[in-house]
Amino acid sequence: MATTTRIFRKNGISVLASVEADMSSPAACSLMVKHSDAHLQASIVLKFSLLLRGFDSEQTVQLVLDANNLEPRHVKLEPSSTTVPQNLVLPILRNKGRPDSLYLFSIMLKEPCIVRYPQSEHSTIAPQSDVQEDFAHLVHLAKSTQIYILFDYQWLPSAKSDRLWSIVNHPDRLTGFRVEEKSDAAYKQGDWTVFAPPGASDVPPPAYGDISRKRPRQSPTTSPRGPSPKRALCTPSPLPLFCPDTLSPTEKASSIEPLTPGFIQPSPTEKASTKAYIPPSRILSPAQDPISAAFTDTVSNAVDSLVPTAVAACLPTLLPSLLPSLVKSYVQTLLPDILETALAPPPSFPSSHHPSRSPSPTTSTHVHTGRTPPAPPRPINHLHLDGAGAGVDGEGGGGV
């Protein structure tokens, strides 16, 4: 029948545990290591004895480091070179005169360890006294994923040393013990969140339905309640010194609308039918609004006085740079049209006599243009030419 082997003594051995490798702030506790070859299970347990709230005597709180929660290749066991005060070392030594047998057990966890704590009426664990250094060390160890344990190697029986080294060298081959084997009815199991913050009270807050802590509601009065002092300060003036469009949506909704004599307040249905209802008494023309008129006059006077001065100051600087380019642009654009118009030939007019067509007696072909029509060309037989031309005239006469 397979049994669980306790590598050290049944109740464990005295050790120092810390979250720092130099053991600068160690906590005194007991170390117990359980191992099972048949089920390949192993757990490292640190036990703390403390005075807890709700108990009259010291109670045991355990930090359980299961083998499957150990990081492989980050678990080490080696001789310690750390200097620890003598008053802290003596309680953990087996032979008081041989501190050279101290070993440092360095353990890295995948996640914070399991916390086993005694059953009580309180939902969290807290010390009896607000100032208890050992309880603070316990909380730091429970939150940490790196734990250092300083112990005397002489407490390890030689027949069981192989079991301890199997946990150090091959934690990935082992698992933790099942819950039923490492817990009983007197203990509960959780994590570091079960520790109450320093100074925290375990008294639960009042229930939401507790009416004894609610503020009493004021009883309604028969007379209508007037506006509050803050709302009264926001009441608009009856004088037409503002325009409704200048009000924000919040001011429009919160301001009190003054009633004009003879004006009937519209019903909610009529108000809902329009997007933005404005009473006629609030609509002001520019002539009736002195603020709008004064603003318009101010702007006009400023424009009349500033524009001439600004133009006079800018022209001496702008003209030398802009005028040449403007002139060049206009010349390039207009000069071709001007030259084409000036150099174009005068228009030609049609002749008033055509040799093969005579004007009809009812239609006149002469168009009056305001100019003297040119003379018709002379017949060629009336031309008198020198030399060869004379012969032409003679030949023509002889033929007749």
# chains A, B, ... in the order shown; residues from 1 in each chain; ligands from 1
call {"tool": "residues_around", "arguments": {"residues": "stretch 97-114 of chain A", "least_positions_apart": "2", "cutoff": "9 Å", "atoms": "only C-alpha atoms", "output": "NGL selection string"}}
result
:A and (21 or 62-66 or 68-72 or 74-82 or 89-90 or 93-95 or 116 or 141-154 or 168 or 189-192)
call {"tool": "residues_around", "arguments": {"residues": "A:Asn87", "least_positions_apart": "3", "cutoff": "12 Å", "atoms": "only C-alpha atoms", "output": "PyMOL selection string"}}
result
chain A and resi 16+28+83-84+90-93+96
call {"tool": "write_last_selection", "arguments": {"atoms": "N, CA, C and O atoms", "output": "compact mmCIF listing (two decimals), in the first residue's frame"}}
result
# COMPACT_ATOMS: atom_id res chain seq x y z
N LEU A 16 13.78 29.79 8.00
CA LEU A 16 13.51 31.21 7.73
C LEU A 16 13.06 31.34 6.27
O LEU A 16 13.72 30.78 5.37
N ALA A 28 10.06 33.65 10.54
CA ALA A 28 10.27 32.33 11.14
C ALA A 28 9.04 31.46 10.93
O ALA A 28 7.91 31.88 11.19
N THR A 83 24.63 36.20 4.88
CA THR A 83 24.92 36.51 6.27
C THR A 83 23.62 36.88 6.98
O THR A 83 22.95 37.85 6.58
N VAL A 84 23.27 36.11 7.97
CA VAL A 84 22.03 36.32 8.72
C VAL A 84 22.39 36.56 10.18
O VAL A 84 23.34 35.94 10.71
N LEU A 90 20.31 30.77 15.04
CA LEU A 90 20.39 29.75 16.09
C LEU A 90 19.12 28.90 16.22
O LEU A 90 19.21 27.68 16.37
N PRO A 91 17.90 29.48 16.14
CA PRO A 91 16.70 28.64 16.28
C PRO A 91 16.52 27.60 15.18
O PRO A 91 15.77 26.63 15.36
N ILE A 92 17.17 27.76 14.02
CA ILE A 92 16.95 26.82 12.92
C ILE A 92 18.08 25.80 12.80
O ILE A 92 17.98 24.88 11.96
N LEU A 93 19.15 25.91 13.60
CA LEU A 93 20.27 24.98 13.51
C LEU A 93 19.98 23.72 14.30
O LEU A 93 19.43 23.75 15.40
N LYS A 96 24.00 23.53 17.24
CA LYS A 96 24.12 24.97 17.44
C LYS A 96 25.48 25.52 17.03
O LYS A 96 25.62 26.70 16.75
call {"tool": "select_by_dssp", "arguments": {"residues": "stretch 138-167 of chain A", "states": "strand (DSSP E)", "output": "list of chain:residue names"}}
result
A:Gln146, A:Ile147, A:Tyr148, A:Ile149, A:Leu150, A:Phe151, A:Asp152
call {"tool": "closest_residue", "arguments": {"among": "A:Ser36, A:Ser292, A:Gln86, A:Gln119", "to": "A:Arg178", "atoms": "only C-alpha atoms"}}
result
A:Ser36
